[in-house]
>>> print(open('target.cif').read())   # mmCIF, C-alpha atoms
data_coords
loop_
_atom_site.label_atom_id
_atom_site.label_comp_id
_atom_site.auth_asym_id
_atom_site.auth_seq_id
_atom_site.Cartn_x
_atom_site.Cartn_y
_atom_site.Cartn_z
CA MET A 1 -19.13 -20.77 46.34
CA THR A 2 -19.65 -17.25 47.65
CA PRO A 3 -19.52 -14.10 45.51
CA THR A 4 -16.16 -12.80 46.73
CA ASP A 5 -14.03 -13.80 43.73
CA ILE A 6 -16.47 -12.52 41.11
CA PRO A 7 -14.93 -14.13 37.97
CA ALA A 8 -14.70 -17.51 39.70
CA TYR A 9 -18.22 -17.16 41.06
CA MET A 10 -19.65 -16.31 37.64
CA ALA A 11 -17.74 -19.16 35.97
CA HIS A 12 -19.24 -21.50 38.57
CA LEU A 13 -22.75 -20.25 37.79
CA GLY A 14 -22.14 -20.66 34.08
CA ALA A 15 -20.84 -24.22 34.30
CA ALA A 16 -23.69 -25.21 36.61
CA ALA A 17 -26.24 -23.65 34.26
CA ARG A 18 -24.80 -25.53 31.29
CA ASP A 19 -25.05 -28.85 33.15
CA ALA A 20 -28.57 -28.04 34.29
CA SER A 21 -29.65 -27.09 30.77
CA ARG A 22 -28.88 -30.61 29.55
CA ALA A 23 -31.00 -32.08 32.34
CA MET A 24 -33.83 -29.65 31.61
CA ALA A 25 -33.78 -30.43 27.89
CA ARG A 26 -34.54 -34.09 28.64
CA ALA A 27 -36.78 -33.51 31.68
CA PRO A 28 -40.31 -34.92 31.27
CA LEU A 29 -43.14 -32.47 30.81
CA ALA A 30 -44.78 -33.67 34.03
CA ALA A 31 -41.74 -32.64 36.09
CA ARG A 32 -41.50 -29.23 34.46
CA ASN A 33 -45.22 -28.60 34.99
CA ALA A 34 -44.94 -29.78 38.61
CA ALA A 35 -42.23 -27.19 39.22
CA LEU A 36 -44.44 -24.46 37.77
CA GLN A 37 -47.44 -25.51 39.82
CA GLY A 38 -45.21 -25.64 42.89
CA MET A 39 -44.02 -22.11 42.18
CA ALA A 40 -47.62 -20.87 42.01
CA ARG A 41 -48.44 -22.56 45.30
CA LEU A 42 -45.34 -21.18 47.03
CA LEU A 43 -45.90 -17.67 45.69
CA ARG A 44 -49.36 -17.56 47.22
CA GLY A 45 -48.26 -19.21 50.43
CA GLU A 46 -45.26 -16.94 50.91
CA ALA A 47 -46.91 -13.73 49.70
CA GLU A 48 -46.51 -11.88 53.00
CA ALA A 49 -42.82 -12.79 53.35
CA LEU A 50 -42.20 -11.75 49.75
CA GLN A 51 -43.90 -8.39 50.31
CA GLN A 52 -41.85 -7.87 53.47
CA ALA A 53 -38.62 -8.41 51.52
CA ASN A 54 -39.93 -6.04 48.87
CA ARG A 55 -40.67 -3.36 51.47
CA HIS A 56 -36.99 -3.34 52.44
CA ASP A 57 -36.12 -2.68 48.79
CA LEU A 58 -38.78 0.03 48.47
CA ASP A 59 -37.57 1.80 51.62
CA ALA A 60 -33.96 1.68 50.43
CA ALA A 61 -35.02 2.96 46.99
CA ALA A 62 -36.86 5.89 48.57
CA ARG A 63 -33.79 6.81 50.63
CA ALA A 64 -31.62 6.59 47.51
CA GLY A 65 -33.96 8.79 45.48
CA LEU A 66 -34.70 6.15 42.83
CA ALA A 67 -36.47 7.65 39.80
CA ALA A 68 -40.25 7.40 39.99
CA PRO A 69 -40.71 5.04 36.99
CA LEU A 70 -38.15 2.61 38.43
CA ALA A 71 -39.64 2.85 41.91
CA ASP A 72 -43.08 2.08 40.47
CA ARG A 73 -41.72 -1.00 38.72
CA LEU A 74 -40.04 -2.15 41.93
CA LYS A 75 -43.32 -2.74 43.77
CA LEU A 76 -44.25 -6.36 44.47
CA ASP A 77 -47.71 -6.09 45.97
CA GLY A 78 -50.38 -8.72 46.42
CA LYS A 79 -51.83 -8.12 42.97
CA ALA A 80 -48.43 -8.54 41.30
CA ILE A 81 -47.78 -11.78 43.20
CA ALA A 82 -51.21 -13.12 42.23
CA THR A 83 -50.56 -12.24 38.59
CA VAL A 84 -47.21 -14.06 38.37
CA ALA A 85 -48.66 -17.06 40.23
CA GLU A 86 -51.48 -17.20 37.69
CA GLY A 87 -48.89 -16.88 34.94
CA CYS A 88 -47.06 -19.96 36.25
CA GLU A 89 -50.30 -21.96 36.13
CA GLN A 90 -51.13 -20.65 32.69
CA ILE A 91 -47.73 -21.73 31.39
CA ALA A 92 -48.07 -25.14 33.05
CA ALA A 93 -51.35 -25.65 31.18
CA MET A 94 -49.79 -24.87 27.80
CA PRO A 95 -48.67 -27.52 25.31
CA ASP A 96 -45.03 -28.57 25.53
CA PRO A 97 -43.04 -26.63 22.92
CA VAL A 98 -40.04 -28.96 23.24
CA GLY A 99 -39.83 -31.74 20.67
CA GLU A 100 -42.65 -30.45 18.48
CA ILE A 101 -42.01 -31.31 14.82
CA LEU A 102 -43.28 -28.79 12.31
CA GLU A 103 -43.93 -28.95 8.59
CA LEU A 104 -42.96 -32.60 8.14
CA LYS A 105 -43.09 -33.25 4.39
CA ARG A 106 -42.22 -36.28 2.32
CA GLN A 107 -39.73 -35.62 -0.45
CA PRO A 108 -39.52 -37.40 -3.84
CA SER A 109 -36.58 -39.41 -2.50
CA GLY A 110 -38.81 -40.93 0.19
CA ILE A 111 -37.31 -39.10 3.16
CA GLN A 112 -39.48 -36.92 5.40
CA VAL A 113 -38.05 -33.51 6.27
CA GLY A 114 -39.27 -31.22 9.04
CA ARG A 115 -38.12 -28.99 11.84
CA MET A 116 -38.05 -29.79 15.54
CA ARG A 117 -38.44 -27.21 18.28
CA VAL A 118 -35.63 -27.48 20.86
CA PRO A 119 -34.49 -25.38 23.85
CA LEU A 120 -31.92 -22.63 23.30
CA GLY A 121 -29.84 -23.99 26.20
CA VAL A 122 -28.84 -21.28 28.68
CA PHE A 123 -30.06 -17.72 28.57
CA GLY A 124 -28.74 -14.88 30.67
CA MET A 125 -31.02 -12.07 31.69
CA ILE A 126 -30.07 -8.66 33.06
CA TYR A 127 -32.94 -6.52 34.25
CA GLU A 128 -33.80 -3.53 36.41
CA SER A 129 -36.37 -2.93 39.13
CA ARG A 130 -39.16 -5.36 38.23
CA PRO A 131 -38.90 -8.31 40.69
CA ASN A 132 -41.84 -10.01 38.93
CA VAL A 133 -39.44 -10.60 36.02
CA THR A 134 -37.59 -13.11 38.21
CA ILE A 135 -40.67 -15.35 38.24
CA GLU A 136 -41.60 -14.71 34.63
CA ALA A 137 -38.10 -15.59 33.44
CA ALA A 138 -37.89 -18.64 35.69
CA SER A 139 -41.27 -20.01 34.64
CA LEU A 140 -40.55 -19.61 30.93
CA ALA A 141 -37.10 -21.18 31.33
CA ILE A 142 -38.52 -24.20 33.12
CA LYS A 143 -41.36 -24.85 30.67
CA SER A 144 -39.14 -24.39 27.61
CA GLY A 145 -36.48 -26.78 28.95
CA ASN A 146 -33.81 -24.11 29.32
CA ALA A 147 -31.58 -22.95 32.16
CA ALA A 148 -31.33 -19.30 33.17
CA ILE A 149 -28.84 -17.04 34.92
CA LEU A 150 -30.65 -13.96 36.23
CA ARG A 151 -29.03 -10.70 37.25
CA GLY A 152 -31.54 -8.26 38.70
CA GLY A 153 -30.89 -4.68 39.71
CA SER A 154 -29.29 -3.85 43.05
CA GLU A 155 -32.45 -1.96 44.03
CA ALA A 156 -34.44 -5.24 44.01
CA LEU A 157 -31.85 -7.58 45.53
CA ARG A 158 -33.83 -8.62 48.63
CA SER A 159 -36.98 -9.24 46.60
CA ASN A 160 -35.13 -11.22 43.95
CA LEU A 161 -33.24 -13.35 46.47
CA ALA A 162 -36.53 -14.28 48.15
CA LEU A 163 -38.15 -15.11 44.83
CA ALA A 164 -35.17 -17.11 43.54
CA ALA A 165 -35.08 -19.18 46.72
CA LEU A 166 -38.73 -20.00 46.17
CA VAL A 167 -38.06 -21.04 42.55
CA GLN A 168 -35.20 -23.32 43.53
CA ARG A 169 -37.37 -24.91 46.22
CA ALA A 170 -40.03 -25.68 43.60
CA LEU A 171 -37.37 -27.18 41.30
CA ARG A 172 -36.06 -29.43 44.07
CA GLU A 173 -39.56 -30.59 44.94
CA ALA A 174 -40.10 -31.53 41.27
CA ALA A 175 -36.78 -33.47 41.22
CA LEU A 176 -35.23 -31.00 38.79
CA PRO A 177 -31.81 -29.35 39.19
CA GLU A 178 -32.10 -26.15 41.20
CA GLU A 179 -29.23 -24.73 39.09
CA ALA A 180 -31.73 -24.50 36.23
CA VAL A 181 -32.56 -21.02 37.59
CA GLN A 182 -29.76 -19.12 39.33
CA LEU A 183 -29.75 -15.55 40.57
CA VAL A 184 -26.49 -13.61 40.62
CA ALA A 185 -26.28 -12.90 44.34
CA THR A 186 -24.04 -9.84 44.19
CA THR A 187 -24.52 -6.21 43.23
CA ASP A 188 -20.90 -5.96 42.08
CA ARG A 189 -21.03 -4.66 38.51
CA THR A 190 -18.03 -6.80 37.60
CA ALA A 191 -20.50 -9.69 37.49
CA VAL A 192 -22.30 -8.11 34.54
CA GLY A 193 -19.10 -7.91 32.49
CA CYS A 194 -18.32 -11.53 33.31
CA LEU A 195 -21.80 -12.65 32.31
CA LEU A 196 -21.64 -10.80 28.99
CA GLY A 197 -18.38 -12.56 28.15
CA MET A 198 -19.45 -16.12 29.04
CA HIS A 199 -20.26 -17.26 25.51
CA GLU A 200 -19.08 -20.77 26.30
CA HIS A 201 -21.85 -21.12 28.91
CA VAL A 202 -24.59 -18.69 27.81
CA ASP A 203 -26.34 -19.07 24.45
CA VAL A 204 -28.33 -15.83 24.38
CA MET A 205 -28.51 -12.67 26.47
CA ILE A 206 -31.74 -10.81 27.24
CA PRO A 207 -31.51 -7.28 28.70
CA ARG A 208 -34.67 -5.72 30.14
CA GLY A 209 -34.40 -2.19 31.42
CA GLY A 210 -33.33 1.30 30.43
CA LYS A 211 -31.61 2.38 27.26
CA SER A 212 -28.16 2.56 28.85
CA LEU A 213 -28.39 -1.02 30.14
CA ILE A 214 -29.63 -2.40 26.85
CA GLY A 215 -27.05 -0.41 24.90
CA ARG A 216 -24.24 -1.80 27.07
CA VAL A 217 -25.45 -5.37 26.67
CA ALA A 218 -25.81 -5.00 22.90
CA ALA A 219 -22.30 -3.55 22.66
CA GLU A 220 -20.46 -5.94 24.98
CA ALA A 221 -22.23 -9.29 24.78
CA LYS A 222 -20.25 -12.09 23.16
CA MET A 223 -23.45 -14.01 22.39
CA PRO A 224 -26.67 -13.12 20.52
CA VAL A 225 -28.94 -10.58 22.22
CA ILE A 226 -32.75 -10.31 22.25
CA LYS A 227 -33.50 -6.65 22.91
CA HIS A 228 -35.50 -3.51 22.47
CA LEU A 229 -34.02 -0.09 23.16
CA ASP A 230 -37.11 2.13 23.35
CA GLY A 231 -40.87 1.99 23.64
CA ASN A 232 -42.01 5.04 21.68
CA CYS A 233 -45.51 3.71 21.01
CA HIS A 234 -47.99 5.61 18.83
CA VAL A 235 -51.75 5.95 18.70
CA TYR A 236 -53.08 7.23 15.37
CA VAL A 237 -56.67 8.54 15.26
CA ASP A 238 -57.85 8.15 11.68
CA ALA A 239 -60.24 10.37 9.73
CA GLU A 240 -63.15 7.94 10.16
CA VAL A 241 -63.37 6.77 13.76
CA ASP A 242 -65.79 6.02 16.56
CA LEU A 243 -65.08 9.12 18.62
CA GLU A 244 -66.08 7.70 22.01
CA MET A 245 -64.00 4.58 21.43
CA ALA A 246 -61.03 6.66 20.31
CA LEU A 247 -61.19 8.79 23.46
CA ALA A 248 -61.40 5.76 25.76
CA VAL A 249 -58.62 3.81 24.03
CA THR A 250 -56.25 6.78 23.78
CA ASP A 251 -56.79 7.60 27.44
CA ASN A 252 -56.08 3.99 28.44
CA ALA A 253 -53.01 3.72 26.20
CA LYS A 254 -51.44 6.76 27.86
CA THR A 255 -52.72 6.98 31.41
CA GLN A 256 -53.56 3.45 32.61
CA LYS A 257 -49.92 3.33 33.71
CA PHE A 258 -47.17 5.73 32.69
CA SER A 259 -44.03 3.66 33.29
CA PRO A 260 -44.40 0.57 31.03
CA CYS A 261 -42.69 0.39 27.66
CA ASN A 262 -46.07 -0.24 25.95
CA ALA A 263 -47.66 3.01 27.15
CA ALA A 264 -48.43 5.46 24.36
CA GLU A 265 -45.88 8.26 24.04
CA SER A 266 -47.02 9.82 20.76
CA LEU A 267 -50.48 10.78 19.52
CA LEU A 268 -51.17 11.40 15.83
CA VAL A 269 -54.56 12.78 14.81
CA HIS A 270 -55.97 13.14 11.31
CA GLU A 271 -56.62 16.83 10.73
CA SER A 272 -60.26 16.22 9.74
CA GLN A 273 -60.98 14.50 13.07
CA ALA A 274 -58.90 16.87 15.20
CA PRO A 275 -61.58 19.55 15.89
CA ALA A 276 -63.88 16.93 17.44
CA PHE A 277 -61.24 14.76 19.09
CA LEU A 278 -58.38 16.94 20.31
CA PRO A 279 -60.21 19.29 22.73
CA ARG A 280 -61.89 16.30 24.40
CA ILE A 281 -58.76 14.19 24.80
CA GLY A 282 -56.93 17.36 25.83
CA ALA A 283 -59.41 17.84 28.66
CA VAL A 284 -58.87 14.23 29.76
CA PHE A 285 -55.10 14.68 29.77
CA ALA A 286 -55.37 18.03 31.56
CA ALA A 287 -57.44 16.43 34.33
CA LYS A 288 -54.83 13.70 34.76
CA GLY A 289 -51.81 16.00 34.73
CA VAL A 290 -50.44 14.90 31.34
CA GLN A 291 -48.30 17.46 29.55
CA MET A 292 -48.92 17.69 25.79
CA ARG A 293 -45.95 18.60 23.59
CA CYS A 294 -47.57 19.73 20.37
CA ASP A 295 -46.91 20.82 16.83
CA ALA A 296 -48.26 24.29 16.00
CA ALA A 297 -51.62 23.09 14.66
CA ALA A 298 -52.32 20.84 17.63
CA ARG A 299 -51.28 23.51 20.15
CA GLN A 300 -53.59 26.07 18.62
CA MET A 301 -56.50 23.62 18.78
CA LEU A 302 -55.73 22.70 22.41
CA SER A 303 -55.12 26.25 23.62
CA ALA A 304 -58.72 26.68 24.79
CA VAL A 305 -58.67 23.57 27.00
CA ARG A 306 -58.88 24.69 30.61
CA GLY A 307 -55.86 23.66 32.68
CA ALA A 308 -54.03 22.11 29.75
CA ASP A 309 -50.25 21.84 30.17
CA LEU A 310 -48.99 22.61 26.67
CA ALA A 311 -45.50 22.92 25.24
CA ASP A 312 -44.02 23.20 21.76
CA ALA A 313 -42.72 19.86 20.52
CA THR A 314 -39.10 19.71 19.45
CA GLU A 315 -37.70 17.32 16.88
CA ALA A 316 -36.48 15.13 19.73
CA ASP A 317 -39.99 14.81 21.16
CA TRP A 318 -41.24 12.81 18.19
CA ALA A 319 -38.81 9.99 19.08
CA GLU A 320 -38.92 10.25 22.87
CA GLU A 321 -39.91 7.50 25.31
CA TYR A 322 -41.10 9.56 28.29
CA LEU A 323 -42.22 6.87 30.76
CA ALA A 324 -44.01 9.79 32.43
CA PRO A 325 -47.20 11.89 32.15
CA VAL A 326 -46.02 13.50 28.91
CA ILE A 327 -47.19 12.83 25.35
CA SER A 328 -46.28 14.32 21.97
CA VAL A 329 -49.22 15.39 19.79
CA LYS A 330 -49.18 15.99 16.03
CA LEU A 331 -51.79 16.53 13.34
CA VAL A 332 -51.37 14.65 10.07
CA ALA A 333 -53.07 15.12 6.71
CA SER A 334 -53.32 11.46 5.71
CA LEU A 335 -52.77 7.84 6.62
CA ASP A 336 -49.62 7.94 4.48
CA GLU A 337 -48.21 10.75 6.62
CA ALA A 338 -49.07 8.89 9.82
CA ILE A 339 -47.35 5.69 8.67
CA ALA A 340 -44.29 7.60 7.46
CA HIS A 341 -44.04 9.45 10.80
CA ILE A 342 -44.29 6.23 12.83
CA ASN A 343 -41.73 4.39 10.73
CA ARG A 344 -39.32 7.33 10.98
CA TYR A 345 -39.63 8.20 14.67
CA GLY A 346 -41.05 5.07 16.25
CA SER A 347 -39.07 2.41 18.07
CA HIS A 348 -40.71 -0.54 16.26
CA HIS A 349 -42.34 -1.65 19.51
CA THR A 350 -46.14 -1.17 19.41
CA ASP A 351 -48.37 1.14 17.39
CA ALA A 352 -52.15 1.37 17.06
CA ILE A 353 -54.65 2.80 14.60
CA LEU A 354 -58.16 3.80 15.70
CA THR A 355 -60.43 3.71 12.66
CA ARG A 356 -63.69 2.60 11.07
CA ASP A 357 -62.01 2.21 7.66
CA HIS A 358 -61.13 -1.45 7.07
CA ALA A 359 -58.82 -0.70 4.15
CA ASN A 360 -56.87 1.82 6.24
CA ALA A 361 -56.66 -0.66 9.11
CA MET A 362 -55.21 -3.34 6.83
CA ARG A 363 -52.71 -0.91 5.33
CA PHE A 364 -51.60 0.12 8.80
CA LEU A 365 -51.10 -3.52 9.81
CA ARG A 366 -49.05 -4.25 6.69
CA GLU A 367 -46.98 -1.10 6.46
CA VAL A 368 -46.13 -0.06 10.02
CA ASP A 369 -42.78 -1.71 10.76
CA SER A 370 -43.31 -2.65 14.41
CA ALA A 371 -43.28 -5.80 16.49
CA SER A 372 -46.94 -5.33 17.50
CA VAL A 373 -49.45 -3.44 15.37
CA MET A 374 -53.01 -2.96 16.59
CA VAL A 375 -56.41 -1.90 15.30
CA ASN A 376 -58.87 -0.26 17.72
CA ALA A 377 -57.07 -1.47 20.86
CA SER A 378 -54.83 0.07 23.51
CA THR A 379 -51.08 -0.31 23.13
CA ARG A 380 -51.06 -1.48 26.76
CA PHE A 381 -52.12 -4.93 25.51
CA ALA A 382 -48.62 -5.51 24.07
CA ASP A 383 -47.69 -7.93 26.82
CA GLY A 384 -46.99 -11.64 27.02
CA PHE A 385 -49.66 -12.25 29.66
CA GLU A 386 -52.29 -10.36 27.67
CA TYR A 387 -51.28 -12.20 24.48
CA GLY A 388 -51.91 -15.54 26.18
CA LEU A 389 -48.23 -16.44 26.47
CA GLY A 390 -48.53 -16.83 30.25
CA ALA A 391 -45.59 -14.49 30.73
CA GLU A 392 -42.89 -12.86 28.67
CA ILE A 393 -39.15 -12.78 28.91
CA GLY A 394 -39.20 -9.34 27.33
CA ILE A 395 -40.25 -7.59 24.14
CA SER A 396 -38.03 -7.83 21.11
CA THR A 397 -37.94 -5.19 18.40
CA ASP A 398 -35.38 -7.18 16.44
CA LYS A 399 -36.49 -8.91 13.25
CA LEU A 400 -34.57 -12.17 13.50
CA HIS A 401 -35.63 -15.14 15.63
CA ALA A 402 -38.03 -13.51 18.11
CA ARG A 403 -40.13 -10.37 17.66
CA GLY A 404 -42.60 -8.75 20.03
CA PRO A 405 -43.41 -10.33 23.42
CA VAL A 406 -41.06 -13.30 23.78
CA GLY A 407 -42.71 -16.32 25.35
CA LEU A 408 -42.07 -20.04 25.16
CA GLU A 409 -41.52 -20.27 21.42
CA GLY A 410 -39.07 -17.37 21.55
CA LEU A 411 -36.92 -19.40 23.94
CA THR A 412 -36.66 -22.30 21.52
CA SER A 413 -34.84 -22.85 18.27
CA LEU A 414 -35.67 -25.01 15.27
CA LYS A 415 -33.41 -27.69 13.92
CA TRP A 416 -33.93 -29.74 10.77
CA VAL A 417 -34.85 -33.39 11.24
CA VAL A 418 -34.96 -36.08 8.59
CA LEU A 419 -36.91 -39.33 8.92
CA GLY A 420 -35.95 -42.10 6.57
CA ASN A 421 -36.29 -45.80 5.90
CA GLY A 422 -32.94 -46.65 4.44
CA GLU A 423 -33.06 -44.14 1.58
CA ARG A 424 -29.78 -43.40 -0.18
CA ARG A 425 -28.95 -40.49 -2.43
CA GLY A 426 -28.19 -41.45 -5.99
#
>>> encode(input="target.cif", output="structure tokens")
Amino acid sequence: MTPTDIPAYMAHLGAAARDASRAMARAPLAARNAALQGMARLLRGEAEALQQANRHDLDAAARAGLAAPLADRLKLDGKAIATVAEGCEQIAAMPDPVGEILELKRQPSGIQVGRMRVPLGVFGMIYESRPNVTIEAASLAIKSGNAAILRGGSEALRSNLALAALVQRALREAALPEEAVQLVATTDRTAVGCLLGMHEHVDVMIPRGGKSLIGRVAAEAKMPVIKHLDGNCHVYVDAEVDLEMALAVTDNAKTQKFSPCNAAESLLVHESQAPAFLPRIGAVFAAKGVQMRCDAAARQMLSAVRGADLADATEADWAEEYLAPVISVKLVASLDEAIAHINRYGSHHTDAILTRDHANAMRFLREVDSASVMVNASTRFADGFEYGLGAEIGISTDKLHARGPVGLEGLTSLKWVVLGNGERRG
């Protein structure tokens, strides 16, 4: 099959994925782990060839004027390759989620009732720029006993084709069906519409990219979707705080990297801490070229910072995901006001409180309605690799099934199982 007749090509991928998913669901753990270890070995061994393919994509992106955040995410350098290879090994070392029986309890009738963890089946994934997602998705699919159909962005086609070929080679070497991980080998957008309609072959869809992509998938998919639309992450500096720690963590949350969805986009500061904290963090941001969009009180306090790029915040700024060296800044009078602001304007992704007050920290954890809530840590830790998941398929801000970084367990479902010894209901 070649991608000339797009509907026929996509139907072929779907049917092959469904067949492969059944083989993966019964594949022994040793074979799945062997495929992951093989992927790690091949990634390291083929690092130069992978970077060469990536350079073609980077050059084409530069000629096309790809937006800076997307271009940054497109890079597949030696460090990125080493990280995904390590992720494969980390996942291989994890316990098998498939077949685990939870909460097995004996009932008065004599039967034992529990829940078994089983693969979802086939997941489709549509993503932009990040070629490392190809390996992360493949490795999680293999370990969790699923099959995957991956559709990367046109800007990363060469990189993704090289990576997918490597994955299928590792699957073959482990005596597993190479159709367990398939890359859509066309940039024709018709393929996306076909994939979103293939409910008979695809059990769940996972978009990972910009708001327009995720919005389209959520609107058109004929199967369940695991998604997050925005990453408007907050850092709240409480009234009682270790000032040096707060400065270091806030700086890291915003400036360690501007383009990820877990970078801080909004800074809330308790008004009693603001005179000590704001001028110092303002100087840090000024030195790093970060524009601060402020409420009136914050702007007045930051006005004396040399070189500060200040602007008046609009209502839209409180909800904005910038993915750029821009941050909104607001003073608040209380923890209650901070929590209310985050729950109103936040995207339910990741929010952090910096505080010495244990009671305030616990309230923040309970009351902020986000997938990841942190105390005295950078929002940049909201990541499957950093959470010890090995890798993530994405971050979900939904409340059903999977929430936060989605790793192995997020790619499984639970079914009820009953163990008996001839019991009959009276």
>>> residues_around(input="target.cif", residues="segment 163-168 of chain A", least_positions_apart="3", cutoff="7 Å", atoms="only C-alpha atoms", output="list in words")
Met39, Leu42, Thr134, Ser159, Asn160, Leu171, Arg172, Glu178, Val181 and Leu183 of chain A
>>> closest_residue(input="target.cif", among="A:Ala324, A:Pro7, A:Glu86, A:Gly197", to="Asp72 of chain A", atoms="only C-alpha atoms")
A:Ala324
>>> closest_residue(input="target.cif", among="A:Ala34, A:Leu229, A:Leu389, A:Leu102", to="Ser413 of chain A", atoms="all atoms listed in the file")
A:Leu102
>>> residues_around(input="target.cif", residues="Trp318 of chain A", least_positions_apart="5", cutoff="10 Å", atoms="all atoms listed in the file", output="PDB file with C-alpha atoms, in the coordinates of the input")
ATOM      1  CA  ASN A 232     -42.010   5.040  21.680  1.00  0.00           C
ATOM      2  CA  HIS A 234     -47.990   5.610  18.830  1.00  0.00           C
ATOM      3  CA  GLU A 265     -45.880   8.260  24.040  1.00  0.00           C
ATOM      4  CA  SER A 266     -47.020   9.820  20.760  1.00  0.00           C
ATOM      5  CA  LEU A 267     -50.480  10.780  19.520  1.00  0.00           C
ATOM      6  CA  ARG A 293     -45.950  18.600  23.590  1.00  0.00           C
ATOM      7  CA  CYS A 294     -47.570  19.730  20.370  1.00  0.00           C
ATOM      8  CA  ASP A 295     -46.910  20.820  16.830  1.00  0.00           C
ATOM      9  CA  ALA A 313     -42.720  19.860  20.520  1.00  0.00           C
ATOM     10  CA  ILE A 327     -47.190  12.830  25.350  1.00  0.00           C
ATOM     11  CA  SER A 328     -46.280  14.320  21.970  1.00  0.00           C
ATOM     12  CA  VAL A 329     -49.220  15.390  19.790  1.00  0.00           C
ATOM     13  CA  LYS A 330     -49.180  15.990  16.030  1.00  0.00           C
ATOM     14  CA  HIS A 341     -44.040   9.450  10.800  1.00  0.00           C
ATOM     15  CA  ILE A 342     -44.290   6.230  12.830  1.00  0.00           C
ATOM     16  CA  ARG A 344     -39.320   7.330  10.980  1.00  0.00           C
ATOM     17  CA  TYR A 345     -39.630   8.200  14.670  1.00  0.00           C
ATOM     18  CA  GLY A 346     -41.050   5.070  16.250  1.00  0.00           C
TER      19      GLY A 346
END
>>> closest_residue(input="target.cif", among="A:Arg216, A:Arg158, A:Arg208, A:Arg26", to="Gln52 of chain A", atoms="all atoms listed in the file")
A:Arg158
>>> resolve_selection(input="target.cif", expression="the PyMOL selection byres ((chain A and resi 366-373) around 9)", output="PyMOL selection string")
chain A and resi 339-340+342-343+346-353+361-365+374-375+379+382+395-399+403-405
>>> resolve_selection(input="target.cif", expression="the PyMOL selection byres ((chain A and resi 104) around 6)", output="ChimeraX atom specification")
/A:102-103,105,113-114
>>> residues_around(input="target.cif", residues="Glu244 of chain A", least_positions_apart="4", cutoff="10 Å", atoms="all atoms listed in the file", output="list in words")
Ala248, Val249, Phe277 and Arg280 of chain A
>>> closest_residue(input="target.cif", among="A:Leu161, A:Ala175, A:Gly231, A:Ser378", to="Thr250 of chain A", atoms="all atoms listed in the file")
A:Ser378
>>> residues_around(input="target.cif", residues="Glu423 of chain A", least_positions_apart="6", cutoff="12 Å", atoms="only C-alpha atoms", output="list in words")
Gln107, Pro108, Ser109, Gly110, Ile111 and Gln112 of chain A
>>> residues_around(input="target.cif", residues="Gln182 of chain A", least_positions_apart="3", cutoff="8 Å", atoms="all atoms listed in the file", output="list in words")
Leu13, Ala17, Ala148, Ile149, Leu150, Ala164, Glu178 and Glu179 of chain A
>>> atom_distance(input="target.cif", atom1="atom CA of Arg55 of chain A", atom2="atom CA of Gly78 of chain A")
12.2 Å
>>> atom_distance(input="target.cif", atom1="atom CA of His199 of chain A", atom2="atom CA of Ala174 of chain A")
29.1 Å
>>> closest_residue(input="target.cif", among="A:Tyr387, A:Asn146, A:Glu155, A:Pro177", to="Ala16 of chain A", atoms="all atoms listed in the file")
A:Pro177
>>> atom_distance(input="target.cif", atom1="atom CA of Ala311 of chain A", atom2="atom CA of Phe381 of chain A")
28.6 Å
>>> build_atoms(input="target.cif", residues="segment 331-338 of chain A", atoms="N, CA, C and O atoms", output="CSV table (one decimal), in the coordinates of the input")
chain,number,residue,atom,x,y,z
A,331,LEU,N,-50.8,16.7,14.3
A,331,LEU,CA,-51.8,16.5,13.3
A,331,LEU,C,-51.2,16.1,12.0
A,331,LEU,O,-50.1,16.5,11.7
A,332,VAL,N,-51.8,15.2,11.4
A,332,VAL,CA,-51.4,14.6,10.1
A,332,VAL,C,-52.5,14.8,9.0
A,332,VAL,O,-53.7,14.8,9.4
A,333,ALA,N,-52.1,14.9,7.8
A,333,ALA,CA,-53.1,15.1,6.7
A,333,ALA,C,-53.6,13.8,6.1
A,333,ALA,O,-54.6,13.9,5.4
A,334,SER,N,-52.9,12.7,6.4
A,334,SER,CA,-53.3,11.5,5.7
A,334,SER,C,-52.8,10.3,6.5
A,334,SER,O,-51.9,10.4,7.3
A,335,LEU,N,-53.3,9.1,6.1
A,335,LEU,CA,-52.8,7.8,6.6
A,335,LEU,C,-51.3,7.7,6.2
A,335,LEU,O,-50.5,7.2,7.0
A,336,ASP,N,-51.0,8.0,5.0
A,336,ASP,CA,-49.6,7.9,4.5
A,336,ASP,C,-48.7,8.7,5.4
A,336,ASP,O,-47.6,8.2,5.7
A,337,GLU,N,-49.1,9.9,5.8
A,337,GLU,CA,-48.2,10.8,6.6
A,337,GLU,C,-48.1,10.1,8.0
A,337,GLU,O,-47.0,10.1,8.6
A,338,ALA,N,-49.1,9.5,8.5
A,338,ALA,CA,-49.1,8.9,9.8
A,338,ALA,C,-48.1,7.7,9.8
A,338,ALA,O,-47.3,7.5,10.7
